[in-house]
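Asks: Supplied structure: target_28.cif, mmCIF, C-alpha atoms.
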```cif
data_structure
loop_
_atom_site.label_atom_id
_atom_site.label_comp_id
_atom_site.auth_asym_id
_atom_site.auth_seq_id
_atom_site.Cartn_x
_atom_site.Cartn_y
_atom_site.Cartn_z
CA MET A 1 -24.20 -12.03 -4.43
CA ARG A 2 -25.07 -10.25 -7.66
CA SER A 3 -22.37 -7.64 -7.04
CA ILE A 4 -19.73 -10.35 -6.71
CA THR A 5 -20.88 -11.93 -10.00
CA ILE A 6 -20.63 -8.53 -11.70
CA ALA A 7 -17.18 -7.84 -10.23
CA LEU A 8 -15.93 -11.23 -11.39
CA ALA A 9 -17.42 -10.67 -14.84
CA VAL A 10 -15.68 -7.29 -15.17
CA ALA A 11 -12.40 -8.79 -13.99
CA ARG A 12 -12.78 -11.71 -16.43
CA LYS A 13 -13.44 -9.27 -19.28
CA ASP A 14 -10.30 -7.25 -18.46
CA LEU A 15 -8.13 -10.35 -18.11
CA ALA A 16 -9.52 -11.81 -21.35
CA SER A 17 -8.76 -8.60 -23.25
CA GLU A 18 -5.25 -8.59 -21.78
CA TRP A 19 -4.82 -12.25 -22.76
CA ARG A 20 -5.83 -11.46 -26.34
CA THR A 21 -3.73 -8.33 -26.79
CA ARG A 22 -0.86 -9.24 -24.40
CA GLU A 23 -0.04 -5.57 -24.02
CA ILE A 24 0.45 -4.79 -20.36
CA VAL A 25 2.07 -7.85 -18.79
CA PRO A 26 5.02 -8.30 -21.19
CA ALA A 27 5.72 -4.57 -21.10
CA LEU A 28 5.56 -4.50 -17.30
CA ALA A 29 7.81 -7.55 -17.00
CA GLN A 30 10.38 -5.87 -19.20
CA PHE A 31 9.97 -2.69 -17.24
CA VAL A 32 10.72 -4.28 -13.85
CA VAL A 33 13.78 -6.08 -15.19
CA LEU A 34 14.96 -2.78 -16.67
CA ALA A 35 14.41 -1.14 -13.29
CA LEU A 36 16.76 -3.71 -11.76
CA VAL A 37 19.39 -2.98 -14.42
CA ILE A 38 19.15 0.76 -13.80
CA ALA A 39 19.32 0.20 -10.02
CA ASN A 40 22.46 -1.86 -10.51
CA PHE A 41 24.21 1.08 -12.17
CA GLY A 42 22.72 3.69 -9.84
CA PHE A 43 23.66 1.93 -6.61
CA GLN A 44 26.90 0.17 -7.62
CA PHE A 45 25.75 -3.17 -6.21
CA ASP A 46 28.14 -5.66 -4.67
CA SER A 47 27.57 -8.74 -2.55
CA ARG A 48 27.94 -6.79 0.72
CA ASN A 49 25.47 -3.96 0.12
CA ALA A 50 22.92 -6.03 -1.87
CA PRO A 51 20.73 -7.13 1.11
CA ALA A 52 20.49 -3.53 2.33
CA ILE A 53 19.62 -2.03 -1.05
CA ALA A 54 17.54 -4.82 -2.64
CA PRO A 55 14.32 -4.12 -0.63
CA GLY A 56 14.39 -0.49 -1.74
CA VAL A 57 14.90 -1.49 -5.34
CA LEU A 58 12.03 -3.98 -5.06
CA TRP A 59 9.60 -1.32 -3.83
CA MET A 60 10.73 1.32 -6.30
CA ALA A 61 10.21 -1.10 -9.19
CA LEU A 62 6.88 -2.30 -7.80
CA VAL A 63 5.50 1.19 -7.19
CA PHE A 64 6.33 2.43 -10.66
CA ALA A 65 5.11 -0.78 -12.32
CA GLY A 66 1.91 -0.35 -10.31
CA LEU A 67 1.44 3.20 -11.59
CA VAL A 68 1.74 1.97 -15.16
CA ALA A 69 -0.58 -1.01 -14.58
CA PHE A 70 -3.32 0.98 -12.86
CA GLY A 71 -2.99 3.88 -15.27
CA ARG A 72 -3.74 1.43 -18.09
CA ALA A 73 -6.69 -0.12 -16.23
CA PHE A 74 -9.05 2.62 -17.31
CA ALA A 75 -7.22 3.73 -20.46
CA ALA A 76 -8.89 1.20 -22.76
CA GLU A 77 -12.31 2.02 -21.33
CA ARG A 78 -11.69 5.69 -21.96
CA GLU A 79 -10.47 5.17 -25.51
CA GLN A 80 -13.54 3.10 -26.40
CA ALA A 81 -15.89 5.17 -24.19
CA SER A 82 -17.09 1.84 -22.80
CA LEU A 83 -17.04 2.91 -19.16
CA GLU A 84 -20.16 5.03 -19.69
CA ALA A 85 -21.87 2.02 -21.23
CA MET A 86 -20.95 -0.14 -18.24
CA LEU A 87 -22.22 2.52 -15.85
CA MET A 88 -25.54 2.71 -17.69
CA THR A 89 -26.27 -0.89 -16.75
CA PRO A 90 -28.00 -1.43 -13.39
CA ALA A 91 -24.71 -2.79 -11.97
CA MET A 92 -23.46 -1.03 -8.84
CA PRO A 93 -20.46 1.25 -9.55
CA ALA A 94 -18.68 -0.29 -6.56
CA ALA A 95 -18.98 -3.75 -8.17
CA ILE A 96 -17.57 -2.49 -11.48
CA PHE A 97 -14.76 -0.79 -9.58
CA ALA A 98 -14.01 -3.97 -7.61
CA GLY A 99 -13.77 -5.94 -10.86
CA LYS A 100 -11.38 -3.43 -12.43
CA ALA A 101 -9.23 -3.37 -9.28
CA LEU A 102 -9.17 -7.18 -9.11
CA ALA A 103 -8.01 -7.49 -12.72
CA ALA A 104 -5.38 -4.75 -12.42
CA GLY A 105 -4.15 -6.22 -9.13
CA LEU A 106 -3.80 -9.67 -10.74
CA LEU A 107 -1.79 -8.19 -13.61
CA LEU A 108 0.53 -6.62 -11.03
CA VAL A 109 0.83 -10.00 -9.27
CA ILE A 110 1.94 -11.59 -12.56
CA CYS A 111 4.54 -8.86 -12.89
CA GLU A 112 5.66 -9.57 -9.29
CA ALA A 113 6.10 -13.20 -10.31
CA VAL A 114 8.82 -11.91 -12.64
CA LEU A 115 10.22 -9.22 -10.33
CA LEU A 116 10.76 -11.27 -7.17
CA PRO A 117 12.66 -14.19 -8.75
CA ALA A 118 14.66 -11.73 -10.89
CA LEU A 119 15.61 -9.78 -7.77
CA ALA A 120 16.63 -12.99 -5.99
CA LEU A 121 18.65 -14.10 -9.01
CA PHE A 122 20.45 -10.87 -9.85
CA PHE A 123 21.11 -9.59 -6.35
CA ALA A 124 21.59 -12.95 -4.59
CA VAL A 125 19.01 -12.21 -1.88
CA PRO A 126 16.80 -15.00 -0.48
CA LEU A 127 13.26 -15.39 -1.84
CA THR A 128 11.19 -16.26 1.21
CA PHE A 129 7.53 -16.88 1.99
CA ASP A 130 7.49 -13.82 4.28
CA GLU A 131 8.71 -11.58 1.50
CA VAL A 132 6.15 -12.90 -0.98
CA SER A 133 3.29 -12.56 1.51
CA ALA A 134 4.27 -8.96 2.37
CA VAL A 135 4.38 -8.02 -1.31
CA LEU A 136 1.04 -9.72 -2.02
CA LEU A 137 -0.65 -8.06 0.97
CA ALA A 138 0.65 -4.66 -0.11
CA THR A 139 -0.59 -5.31 -3.66
CA VAL A 140 -4.21 -5.55 -2.45
CA GLY A 141 -4.22 -2.09 -0.88
CA MET A 142 -2.13 -0.57 -3.65
CA ALA A 143 -4.53 -1.98 -6.26
CA VAL A 144 -7.70 -0.54 -4.71
CA LEU A 145 -6.13 2.90 -4.14
CA GLY A 146 -4.41 2.91 -7.53
CA CYS A 147 -7.62 1.97 -9.34
CA LEU A 148 -9.68 4.56 -7.49
CA PHE A 149 -7.38 7.36 -8.57
CA ALA A 150 -6.91 5.85 -12.03
CA ALA A 151 -10.70 5.96 -12.47
CA MET A 152 -10.59 9.58 -11.36
CA VAL A 153 -7.74 10.77 -13.56
CA ALA A 154 -9.13 8.93 -16.59
CA GLN A 155 -11.80 11.63 -16.63
CA VAL A 156 -9.55 14.69 -16.29
CA ARG A 157 -6.85 16.49 -18.27
CA ALA A 158 -3.13 15.74 -17.79
CA ARG A 159 -3.94 12.32 -16.36
CA GLU A 160 -0.40 10.95 -16.63
CA LEU A 161 0.77 13.78 -14.40
CA LEU A 162 -1.97 13.52 -11.85
CA LEU A 163 -2.01 9.76 -11.21
CA PRO A 164 1.40 9.53 -9.50
CA LEU A 165 0.76 12.78 -7.67
CA LEU A 166 -2.40 11.43 -6.04
CA THR A 167 -1.46 7.77 -5.68
CA LEU A 168 2.12 7.80 -4.44
CA PRO A 169 1.50 9.71 -1.18
CA LEU A 170 -1.26 7.27 -0.23
CA TRP A 171 0.88 4.25 -1.12
CA ILE A 172 3.56 5.37 1.32
CA PRO A 173 2.13 3.39 4.28
CA PHE A 174 2.38 0.21 2.19
CA VAL A 175 5.94 1.00 1.18
CA VAL A 176 6.92 1.82 4.79
CA VAL A 177 5.44 -1.33 6.33
CA GLY A 178 6.13 -3.58 3.34
CA GLY A 179 9.68 -2.26 3.17
CA GLN A 180 10.28 -3.21 6.80
CA ALA A 181 8.76 -6.67 6.24
CA VAL A 182 10.88 -7.37 3.17
CA GLN A 183 14.00 -6.02 4.83
CA SER A 184 13.65 -8.39 7.78
CA ALA A 185 12.70 -11.25 5.43
CA MET A 186 15.99 -10.62 3.58
CA GLY A 187 17.94 -10.78 6.81
CA GLY A 188 18.24 -7.08 7.67
CA GLY A 189 15.98 -4.74 9.67
CA HIS A 190 14.59 -5.26 13.11
CA THR A 191 10.81 -5.49 12.69
CA ALA A 192 9.21 -8.93 12.91
CA THR A 193 7.73 -9.79 9.50
CA GLY A 194 4.64 -11.23 11.17
CA SER A 195 3.65 -7.97 12.86
CA ALA A 196 4.39 -6.00 9.69
CA ASN A 197 2.16 -8.34 7.69
CA GLY A 198 -0.60 -7.92 10.27
CA LEU A 199 -0.36 -4.14 9.84
CA LEU A 200 -0.45 -4.53 6.05
CA LEU A 201 -3.65 -6.57 6.42
CA ASP A 202 -5.18 -3.80 8.59
CA LEU A 203 -4.25 -1.21 5.96
CA ASP A 204 -5.77 -3.44 3.25
CA ILE A 205 -9.07 -3.69 5.13
CA LEU A 206 -9.14 0.08 5.78
CA PHE A 207 -8.55 1.00 2.15
CA VAL A 208 -10.80 -1.69 0.66
CA VAL A 209 -13.68 -0.37 2.76
CA LEU A 210 -12.90 3.31 2.06
CA THR A 211 -12.41 2.86 -1.69
CA SER A 212 -15.57 0.81 -2.10
CA LEU A 213 -17.47 3.63 -0.39
CA ALA A 214 -15.78 6.26 -2.54
CA ALA A 215 -16.06 4.37 -5.86
CA ARG A 216 -19.64 5.55 -6.37
CA PHE A 217 -18.59 9.20 -6.32
CA VAL A 218 -15.68 8.72 -8.67
CA LEU A 219 -17.38 6.54 -11.30
CA ASP A 220 -21.00 7.66 -11.25
CA ASP A 221 -20.52 11.08 -12.80
CA MET B 1 -14.11 49.10 5.73
CA THR B 2 -15.74 45.88 4.61
CA ARG B 3 -16.12 42.93 6.97
CA HIS B 4 -13.16 41.21 5.36
CA GLU B 5 -10.92 44.26 5.70
CA GLN B 6 -11.87 44.54 9.37
CA GLY B 7 -11.05 40.88 9.85
CA SER B 8 -7.67 41.28 8.12
CA ALA B 9 -6.78 44.33 10.22
CA ALA B 10 -7.79 42.53 13.41
CA SER B 11 -5.75 39.42 12.57
CA VAL B 12 -2.66 41.48 11.71
CA ALA B 13 -3.01 43.31 15.04
CA LEU B 14 -3.43 39.97 16.85
CA MET B 15 -0.33 38.53 15.20
CA LEU B 16 1.65 41.61 16.30
CA ILE B 17 0.42 41.06 19.86
CA ALA B 18 1.45 37.40 19.58
CA GLY B 19 4.87 38.60 18.37
CA GLY B 20 5.11 40.77 21.47
CA PHE B 21 4.41 37.79 23.71
CA ILE B 22 6.90 35.61 21.80
CA PHE B 23 9.77 38.10 21.87
CA LEU B 24 9.15 40.15 25.02
CA PHE B 25 7.09 38.08 27.44
CA ALA B 26 8.33 34.50 26.96
CA PRO B 27 11.69 33.75 28.63
CA THR B 28 14.70 32.71 26.53
CA ASP B 29 15.25 28.95 26.54
CA ALA B 30 18.23 28.00 28.71
CA LEU B 31 19.55 25.35 26.32
CA GLN B 32 18.50 26.44 22.83
CA GLY B 33 18.63 30.21 23.24
CA PRO B 34 16.55 32.57 21.10
CA VAL B 35 16.02 29.94 18.35
CA GLN B 36 13.51 28.22 20.60
CA ARG B 37 11.11 31.14 20.00
CA ILE B 38 10.36 29.59 16.59
CA PHE B 39 8.44 26.92 18.50
CA TYR B 40 5.47 29.20 19.21
CA LEU B 41 4.62 29.92 15.58
CA HIS B 42 5.82 26.52 14.31
CA VAL B 43 3.44 24.51 16.50
CA SER B 44 0.59 27.03 16.13
CA ALA B 45 0.88 26.89 12.33
CA ALA B 46 0.85 23.08 12.46
CA ILE B 47 -2.33 23.10 14.57
CA ALA B 48 -3.93 25.65 12.22
CA ALA B 49 -3.03 23.39 9.28
CA TYR B 50 -4.65 20.37 11.00
CA GLY B 51 -7.73 22.51 11.57
CA CYS B 52 -7.86 23.59 7.92
CA PHE B 53 -7.56 20.01 6.71
CA ALA B 54 -10.32 18.97 9.12
CA VAL B 55 -12.49 21.63 7.45
CA VAL B 56 -11.54 20.16 4.04
CA LEU B 57 -12.58 16.71 5.31
CA ILE B 58 -15.91 17.92 6.72
CA GLY B 59 -16.62 20.06 3.65
CA GLY B 60 -15.89 17.05 1.42
CA VAL B 61 -18.15 14.69 3.37
CA VAL B 62 -20.97 17.24 3.43
CA TYR B 63 -20.56 17.87 -0.30
CA LEU B 64 -20.70 14.18 -1.20
CA TRP B 65 -23.68 13.71 1.09
CA LYS B 66 -25.78 16.79 0.26
CA GLU B 67 -24.16 18.16 -2.94
CA ASN B 68 -23.99 21.50 -1.13
CA ALA B 69 -21.96 24.01 -3.17
CA ALA B 70 -21.12 26.10 -0.08
CA ALA B 71 -19.50 23.08 1.61
CA ASP B 72 -17.35 22.55 -1.46
CA ARG B 73 -16.31 26.20 -1.57
CA LEU B 74 -15.39 26.04 2.11
CA ALA B 75 -13.26 22.93 1.49
CA ARG B 76 -11.57 24.64 -1.45
CA ALA B 77 -10.75 27.71 0.64
CA ALA B 78 -9.52 25.69 3.63
CA ALA B 79 -7.26 23.45 1.49
CA LEU B 80 -5.31 26.43 0.18
CA VAL B 81 -4.98 28.04 3.62
CA GLY B 82 -3.99 24.68 5.14
CA LEU B 83 -1.28 24.31 2.52
CA VAL B 84 0.05 27.77 3.40
CA PHE B 85 0.20 26.87 7.10
CA THR B 86 1.87 23.51 6.35
CA THR B 87 4.49 25.44 4.37
CA VAL B 88 5.01 27.80 7.32
CA THR B 89 5.37 24.80 9.66
CA LEU B 90 7.93 23.11 7.41
CA VAL B 91 9.99 26.25 6.80
CA MET B 92 9.94 27.32 10.46
CA GLY B 93 10.94 23.79 11.48
CA MET B 94 13.84 23.76 9.04
CA ILE B 95 15.12 27.12 10.28
CA TRP B 96 15.00 25.76 13.84
CA ALA B 97 16.59 22.43 12.88
CA LYS B 98 19.71 23.94 11.28
CA PRO B 99 21.26 25.34 14.51
CA ILE B 100 19.77 22.68 16.81
CA TRP B 101 20.22 19.45 14.80
CA GLY B 102 22.94 20.79 12.51
CA THR B 103 20.91 20.07 9.38
CA PHE B 104 17.87 21.56 7.66
CA TRP B 105 16.28 18.21 6.98
CA THR B 106 16.37 14.67 8.28
CA TRP B 107 14.14 11.78 7.17
CA ASP B 108 12.44 11.61 10.51
CA ALA B 109 8.89 10.19 10.69
CA ARG B 110 7.25 13.50 11.58
CA LEU B 111 9.16 15.55 9.04
CA THR B 112 8.51 13.01 6.31
CA SER B 113 4.81 12.64 7.10
CA THR B 114 4.39 16.43 7.17
CA LEU B 115 6.05 16.68 3.77
CA VAL B 116 3.69 13.97 2.50
CA LEU B 117 0.77 15.97 3.92
CA TRP B 118 1.94 18.97 1.92
CA ILE B 119 2.18 16.87 -1.25
CA ILE B 120 -1.31 15.37 -0.71
CA TYR B 121 -3.01 18.75 -0.44
CA ALA B 122 -0.96 20.17 -3.31
CA GLY B 123 -2.41 17.20 -5.26
CA TYR B 124 -5.87 18.21 -4.00
CA LEU B 125 -5.43 21.66 -5.53
CA MET B 126 -4.10 20.07 -8.75
CA VAL B 127 -7.27 17.93 -9.02
CA ARG B 128 -9.34 21.07 -8.63
CA ARG B 129 -7.44 22.71 -11.44
CA LEU B 130 -7.42 19.77 -13.86
CA ALA B 131 -10.89 18.27 -13.39
CA GLU B 132 -13.87 19.75 -15.16
CA PRO B 133 -15.06 22.70 -13.06
CA GLY B 134 -18.30 22.16 -11.19
CA ARG B 135 -19.65 18.83 -10.03
CA GLN B 136 -16.74 16.69 -11.22
CA SER B 137 -13.96 18.73 -9.67
CA ALA B 138 -15.94 19.07 -6.43
CA ARG B 139 -16.58 15.33 -6.18
CA PHE B 140 -13.05 14.26 -7.04
CA ALA B 141 -11.52 16.82 -4.71
CA ALA B 142 -13.83 15.69 -1.88
CA VAL B 143 -12.61 12.10 -2.32
CA VAL B 144 -8.96 13.23 -2.32
CA GLY B 145 -9.60 15.41 0.74
CA ILE B 146 -11.15 12.52 2.65
CA PHE B 147 -8.34 10.07 1.81
CA GLY B 148 -5.71 12.74 2.38
CA PHE B 149 -6.89 13.40 5.91
CA ILE B 150 -5.69 9.90 6.88
CA ASP B 151 -2.19 11.40 6.96
CA VAL B 152 -3.12 14.00 9.63
CA PRO B 153 -3.28 11.53 12.57
CA VAL B 154 -0.16 9.85 11.17
CA VAL B 155 1.69 13.18 11.36
CA HIS B 156 0.32 13.89 14.80
CA PHE B 157 1.09 10.55 16.40
CA SER B 158 4.33 9.91 14.48
CA VAL B 159 6.35 11.16 17.45
CA THR B 160 4.76 8.56 19.72
CA TRP B 161 4.50 5.68 17.20
CA TRP B 162 8.08 5.79 15.96
CA ARG B 163 11.30 6.76 17.64
CA THR B 164 11.84 10.16 16.10
CA GLN B 165 14.33 12.95 16.37
CA HIS B 166 11.53 15.51 16.41
CA PRO B 167 10.70 16.68 19.97
CA GLY B 168 7.66 14.96 21.50
CA PRO B 169 4.57 16.82 22.72
CA VAL B 170 5.56 19.45 25.30
CA VAL B 171 2.32 21.37 25.68
CA LEU B 172 0.05 18.48 26.62
CA ASN B 173 2.75 16.90 28.78
CA ASP B 174 2.97 19.98 31.01
CA ALA B 175 6.62 20.41 30.12
CA LEU B 176 6.43 24.16 29.46
CA PRO B 177 7.13 26.80 32.12
CA PRO B 178 4.03 29.00 32.76
CA ARG B 179 5.26 32.08 30.84
CA MET B 180 6.14 29.97 27.79
CA LEU B 181 2.74 28.27 28.01
CA VAL B 182 0.95 31.64 28.07
CA ALA B 183 2.95 32.90 25.08
CA PHE B 184 2.20 29.66 23.22
CA LEU B 185 -1.54 29.70 23.95
CA ILE B 186 -1.84 33.34 22.87
CA THR B 187 0.12 32.70 19.66
CA MET B 188 -2.03 29.67 18.92
CA ALA B 189 -5.28 31.58 19.44
CA CYS B 190 -4.06 34.45 17.22
CA THR B 191 -2.89 32.03 14.52
CA LEU B 192 -6.24 30.25 14.52
CA VAL B 193 -8.03 33.61 14.12
CA LEU B 194 -5.67 34.43 11.24
CA ALA B 195 -6.43 31.07 9.60
CA ALA B 196 -10.18 31.61 10.00
CA VAL B 197 -9.95 35.10 8.46
CA MET B 198 -7.86 33.76 5.57
CA ILE B 199 -10.42 31.02 4.94
CA ALA B 200 -13.26 33.58 5.04
CA ILE B 201 -11.51 35.81 2.48
CA ARG B 202 -10.69 32.88 0.24
CA TYR B 203 -14.28 31.65 0.54
CA ARG B 204 -15.47 35.04 -0.65
CA ILE B 205 -13.11 34.89 -3.64
CA GLU B 206 -14.35 31.39 -4.52
CA PHE B 207 -17.95 32.55 -4.14
CA LEU B 208 -17.44 35.51 -6.48
CA THR B 209 -15.60 33.29 -8.99
CA ASP B 210 -18.47 30.78 -8.97
CA GLN B 211 -20.99 33.58 -9.32
CA ALA B 212 -19.08 35.14 -12.21
CA ALA B 213 -18.87 31.76 -13.91
CA GLU B 214 -22.61 31.30 -13.51
CA LYS B 215 -23.45 34.80 -14.72
CA VAL B 216 -21.04 34.99 -17.64
CA VAL B 217 -20.51 31.42 -18.78
CA ALA B 218 -23.96 29.91 -18.24
CA PRO B 219 -25.80 32.28 -20.66
CA ILE B 220 -23.15 31.63 -23.34
CA VAL B 221 -23.55 27.87 -22.90
CA ALA B 222 -27.32 28.22 -23.04
CA GLN B 223 -27.09 30.38 -26.15
CA THR B 224 -24.79 27.90 -27.90
CA ARG B 225 -27.12 25.04 -27.00
CA ALA B 226 -30.10 26.96 -28.33
CA GLY B 227 -28.17 27.66 -31.52
CA ASP B 228 -27.30 23.98 -31.87
CA ALA B 229 -30.95 23.02 -31.39
CA ARG B 230 -31.99 25.31 -34.19
#
```
If you convert what's in this file into structure tokens, what do you get?
Replies:
Amino acid sequence: MRSITIALAVARKDLASEWRTREIVPALAQFVVLALVIANFGFQFDSRNAPAIAPGVLWMALVFAGLVAFGRAFAAEREQASLEAMLMTPAMPAAIFAGKALAAGLLLVICEAVLLPALALFFAVPLTFDEVSAVLLATVGMAVLGCLFAAMVAQVRARELLLPLLTLPLWIPFVVVGGQAVQSAMGGGHTATGSANGLLLDLDILFVVLTSLAARFVLDD
Amino acid sequence: MTRHEQGSAASVALMLIAGGFIFLFAPTDALQGPVQRIFYLHVSAAIAAYGCFAVVLIGGVVYLWKENAAADRLARAAALVGLVFTTVTLVMGMIWAKPIWGTFWTWDARLTSTLVLWIIYAGYLMVRRLAEPGRQSARFAAVVGIFGFIDVPVVHFSVTWWRTQHPGPVVLNDALPPRMLVAFLITMACTLVLAAVMIAIRYRIEFLTDQAAEKVVAPIVAQTRAGDAR
């Protein structure tokens, strides 16, 4: 019970500081819209190829927005050296980690709230419940993995280089399964969205358990 | 000769014997011709890479559990050797794929997951290089090694989970003629010995590096600290 209170307190602190500075969310929202603009030029979109290409663009934008969001999650703590202070309290490192991951995940969800409607608007693809649920399910696993490695790279040199190198390979399962789910939700593909979402949930459970076990070794140093 | 030199000589001799079995004993494939002979080293290297990454996993778990420096050194050594064998697997596979599939690369599930495996363990070595040497780099690398190993079963079962272009398992399915099977088993055994010898040599290098760091760097640090205290 206490751990959950701590996690919620850490998440509330992060969200409050984001609300006061309004740094990450507006930048990320701009970033994802920019990603759509770049994709438009790169892929030469038209009404015929849009449903085939849009899922790929969605995941590319989401993955890179995620890297930025999770990279920032521990940046402020590092700059103020406040992570050490938090770790000196009797709170469990796993609870602190869960709070950070929750806050960073919620910031990414806000950015998805811009990305998904923008994608539907600009590329004339349907915005369906299945698509939203696949993206949200993938966000959970991506957030815990992203935050674990963000906590790690915050303590090493060349962190901007290392974060994508460590995180992207482990995000691939989410992109593979989520990509199939979104593709069939947009009318292409041949995998049932329901089974893909079930697999995403399994992946979420696996990585939530693994990262909460590993958090102690990454933070408590 | 030191123990390591003996081991190296023995593994080179064994690989030459394996080469003899591959080129002289095993029959030429009726459909693919001589190119099929790549199979023996390609699959053996892949199995050796799996083995190395399993050692990285076990070394990482033992390190996190017991903080045992030897386990960490073993993981460090095995990661590098595993990366070498993954490279061999990928390159051998590409050389085989060009005449058989008509292309060096295709985004097939097994090829892609093997490439991802390579990237994960290259990242492992990057963490080792960039993190602070000692406890931090050992801990972080152990975490990366444990998460990275998730990709090994994905690579292995990719041919059964997805419809892939990559050939399915032939050894376990009894699809090999006896002479091919013998050549394969001998190559695999020799490759595993080679991998073990490479890990042993690398372990020794890591051990000497750690020892040098302790002998040379630790007194300097202690001296500086003493100076600061004064």
Asks: So that each row is one residue of chain B with an atom at most 9 Å from chain A, can you give its shortest atom pair and the distance in Å to one decimal, using all atoms listed in the file, rows by chain and rising number, as CSV?
Replies:
```
residue,atom,partner,partner_atom,distance
B:Leu64,CA,A:Phe217,CA,7.4
B:Val116,CA,A:Pro169,CA,6.0
B:Leu117,CA,A:Pro169,CA,8.1
B:Ile119,CA,A:Pro169,CA,7.2
B:Ile120,CA,A:Pro169,CA,6.3
B:Ala122,CA,A:Leu165,CA,8.8
B:Gly123,CA,A:Leu166,CA,5.8
B:Tyr124,CA,A:Leu166,CA,7.9
B:Met126,CA,A:Leu162,CA,7.6
B:Val127,CA,A:Leu162,CA,7.5
B:Leu130,CA,A:Arg157,CA,5.5
B:Ala131,CA,A:Val156,CA,4.8
B:Glu132,CA,A:Val156,CA,6.7
B:Arg135,CA,A:Asp221,CA,8.3
B:Gln136,CA,A:Asp221,CA,6.9
B:Ser137,CA,A:Val156,CA,8.9
B:Arg139,CA,A:Phe217,CA,6.5
B:Phe140,CA,A:Val218,CA,6.3
B:Val143,CA,A:Ala214,CA,6.6
B:Val144,CA,A:Leu166,CA,7.8
B:Phe147,CA,A:Leu170,CA,7.9
B:Gly148,CA,A:Leu170,CA,7.5
B:Ile150,CA,A:Leu170,CA,8.8
B:Asp151,CA,A:Leu170,CA,8.3
```
Asks: With C-alpha atoms retained, could you export that selection as a compact mmCIF listing (two decimals), in the coordinates of the input?
Replies:
```txt
# COMPACT_ATOMS: atom_id res chain seq x y z
CA LEU B 64 -20.70 14.18 -1.20
CA VAL B 116 3.69 13.97 2.50
CA LEU B 117 0.77 15.97 3.92
CA ILE B 119 2.18 16.87 -1.25
CA ILE B 120 -1.31 15.37 -0.71
CA ALA B 122 -0.96 20.17 -3.31
CA GLY B 123 -2.41 17.20 -5.26
CA TYR B 124 -5.87 18.21 -4.00
CA MET B 126 -4.10 20.07 -8.75
CA VAL B 127 -7.27 17.93 -9.02
CA LEU B 130 -7.42 19.77 -13.86
CA ALA B 131 -10.89 18.27 -13.39
CA GLU B 132 -13.87 19.75 -15.16
CA ARG B 135 -19.65 18.83 -10.03
CA GLN B 136 -16.74 16.69 -11.22
CA SER B 137 -13.96 18.73 -9.67
CA ARG B 139 -16.58 15.33 -6.18
CA PHE B 140 -13.05 14.26 -7.04
CA VAL B 143 -12.61 12.10 -2.32
CA VAL B 144 -8.96 13.23 -2.32
CA PHE B 147 -8.34 10.07 1.81
CA GLY B 148 -5.71 12.74 2.38
CA ILE B 150 -5.69 9.90 6.88
CA ASP B 151 -2.19 11.40 6.96
```
Asks: To one decimal in Å, tell me the separation between CA of Ile17 in chain B and CA of Pro178 in chain B.
Replies: 18.0 Å
Asks: To one decimal place in Å, what is the distance between CA of Trp19 in chain A and CA of Ala154 in chain A?
Replies: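 These atoms are spaced 22.5 Å apart.
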Asks: Hey, can you pull every residue with an atom no more than 9 Å from (16.2, 19.8, 23.0), using all atoms listed in the file, and send it as a list in words?
Replies: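 Within the cut-off we find Leu31, Gln32, Ile100 and Pro167 of chain B.
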Asks: What do you get, as a ChimeraX atom specification, if you spell out every residue that the PyMOL selection byres ((chain B and resi 1-8) around 8) selects here?
Replies: /B:9-12,194,197-198,200-201
Asks: Run the PyMOL selection byres ((chain B and resi 84) around 12) mentally over the shown coordinates, then write out the matched residues as a PyMOL selection string, using the chain letters and numbers from the document.
Replies: chain B and resi 45-46+48-50+52-53+77-83+85-91+117-118+121-122+194-195+198-199
Asks: If you keep C-alpha atoms, can you produce a file of those selected residues as a compact mmCIF listing (two decimals), keeping the file's coordinate frame?
Replies:
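Output file result-v7.txt is given in full below:
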```
# COMPACT_ATOMS: atom_id res chain seq x y z
CA ALA B 45 0.88 26.89 12.33
CA ALA B 46 0.85 23.08 12.46
CA ALA B 48 -3.93 25.65 12.22
CA ALA B 49 -3.03 23.39 9.28
CA TYR B 50 -4.65 20.37 11.00
CA CYS B 52 -7.86 23.59 7.92
CA PHE B 53 -7.56 20.01 6.71
CA ALA B 77 -10.75 27.71 0.64
CA ALA B 78 -9.52 25.69 3.63
CA ALA B 79 -7.26 23.45 1.49
CA LEU B 80 -5.31 26.43 0.18
CA VAL B 81 -4.98 28.04 3.62
CA GLY B 82 -3.99 24.68 5.14
CA LEU B 83 -1.28 24.31 2.52
CA PHE B 85 0.20 26.87 7.10
CA THR B 86 1.87 23.51 6.35
CA THR B 87 4.49 25.44 4.37
CA VAL B 88 5.01 27.80 7.32
CA THR B 89 5.37 24.80 9.66
CA LEU B 90 7.93 23.11 7.41
CA VAL B 91 9.99 26.25 6.80
CA LEU B 117 0.77 15.97 3.92
CA TRP B 118 1.94 18.97 1.92
CA TYR B 121 -3.01 18.75 -0.44
CA ALA B 122 -0.96 20.17 -3.31
CA LEU B 194 -5.67 34.43 11.24
CA ALA B 195 -6.43 31.07 9.60
CA MET B 198 -7.86 33.76 5.57
CA ILE B 199 -10.42 31.02 4.94
```
Asks: Rounded to one decimal, what separation in Å do you get between CA of Glu79 in chain A and CA of Val33 in chain A?
Replies: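 So the answer is 28.7 Å.
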Asks: Write out as JSON, numbers by chain which residues come within 10 Å of Gly56 in chain A when counting only C-alpha atoms, dropping same-chain ones fewer than 3 positions away.
Replies: {"A": [39, 51, 52, 53, 59, 60, 61, 62, 175, 179, 180, 182, 183]}
